[in-house]
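Heads up: the structure comes next, in structure tokens.
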Amino acid sequence: MPVYKLLLLYYNPRTAIIYKIIALGLLIFQAIYLNNIINKHEVLFKRSYLPALFYIVFMSLFIPFLNLHPIILVNTLLIILLDKILSFYKTTSLITVFQCGFLLGVASIIYFPSIMLFISLLIGLAILRPYNWRDWIASVIGLTLPYYFLSAWYFYFDTLENFWKIKIPGYFIHLIRFDFTLTKPMLALIATLGATLLLALFKLQSNSYRNTIKSRNFQVVLLFFLLFSGTSFLLSPKIFLDHFCIIAVPLSIFTSYFFLSVKKTFWVEILMLIIIGLLVYNQVIYHV
């Protein structure tokens, strides 16, 4: 993570509060921007502020989530990427495809496992745009361009061989290790969120015939976005708790859909109270 390491050069106990303020500012910006693009592209069946609310909630589940970790930086780029992928439906610009690849390239040199989402970009191209081989070439060029500049930097300092022969292969050949211990409150929270996601996907499937073709295509793209962001941990040699922030973007969208589509609001209010209660409890337990 060469770019993230540069950001940590000035990190010390005196500057820690500044890093936390930057993280909070990024979190607020991401929530507002995500909510705007969901409403702009009409991903949900009606306008709502729920995506911003759930994004804030999911990004605040545990204390490590609230620091300036690499995922909170990557999520900014992923939200911009999502905006551009959803715009494929209205534009045929080759520059937009190149920008998508470039955004993922930059995201991957901040946090390499995010490169898995390149597959979701290709799926978005296949679903939302007519086939054009130039689009696929442009996306690959955009993805590799940051690595070209990074390789030139390492070549200048005579560390290029170490980067390509040791650092990059290390993400593909390793044992999966967890850097945290699952407590009972954490398991309860994970189970609650997992059940909510399953209910949301079931509701999405049962209501699919009511949606427009555009909305259905967007939802399929978001499903793959969720899948590949969720499996990106396979490329991480050591899995930290904050890694799971990478699924906050698609998870907040599907959860919002479920809460909007349920007619009996009493049950979703109870579910929301359970999530908030477990959030607070986990914050206290983890802090202790």
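Simple scheme: letters A, B, ... for chains in structure tokens order, numbers from 1 for residues in each chain, numbers from 1 for ligands in the order shown.
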
Quick one: residues within 10 Å of stretch 19-35 of chain A, only C-alpha atoms, excluding same-chain residues fewer than 2 positions away - as an MDAnalysis selection string? chainID A and resid 7:8 10:12 14:17 37:40 47:56 59:60 65:69 72:73 75:80 82:83 249 252:253

Determine, counting only C-alpha atoms, which protein, DNA and RNA residues have an atom within 10 Å of an atom of A:Leu44; residues of the same chain fewer than 6 positions away are not included. Present the result as JSON, numbers by chain. {"A": [38, 51, 211, 215, 218, 219, 253, 254, 256, 257, 258, 260, 261]}

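From atom CA of A:Arg134 back to atom CA of A:Pro146, the distance works out to 19.5 Å.
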
So how far away is atom CA of A:Leu86 from atom CA of A:Ser208, in Å? 18.2 Å

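On the backbone of this structure, DSSP gives strand (DSSP E) within stretch 105-247 of chain A to Arg177, Phe178, Lys238 and Ile239 of chain A.
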
File of the preceding selection, N, CA and C atoms, as a short mmCIF file (atom, residue, chain, number, x, y, z; two decimals), in the first residue's frame:
data_model
loop_
_atom_site.label_atom_id
_atom_site.label_comp_id
_atom_site.auth_asym_id
_atom_site.auth_seq_id
_atom_site.Cartn_x
_atom_site.Cartn_y
_atom_site.Cartn_z
N ARG A 177 -5.06 -15.00 7.40
CA ARG A 177 -4.98 -14.84 8.86
C ARG A 177 -5.86 -13.66 9.29
N PHE A 178 -6.53 -13.82 10.41
CA PHE A 178 -7.37 -12.76 10.95
C PHE A 178 -6.63 -12.05 12.08
N LYS A 238 -3.29 -10.56 5.68
CA LYS A 238 -3.73 -10.43 7.06
C LYS A 238 -4.99 -9.58 7.07
N ILE A 239 -6.09 -10.15 7.54
CA ILE A 239 -7.39 -9.49 7.47
C ILE A 239 -7.64 -8.72 8.75
#
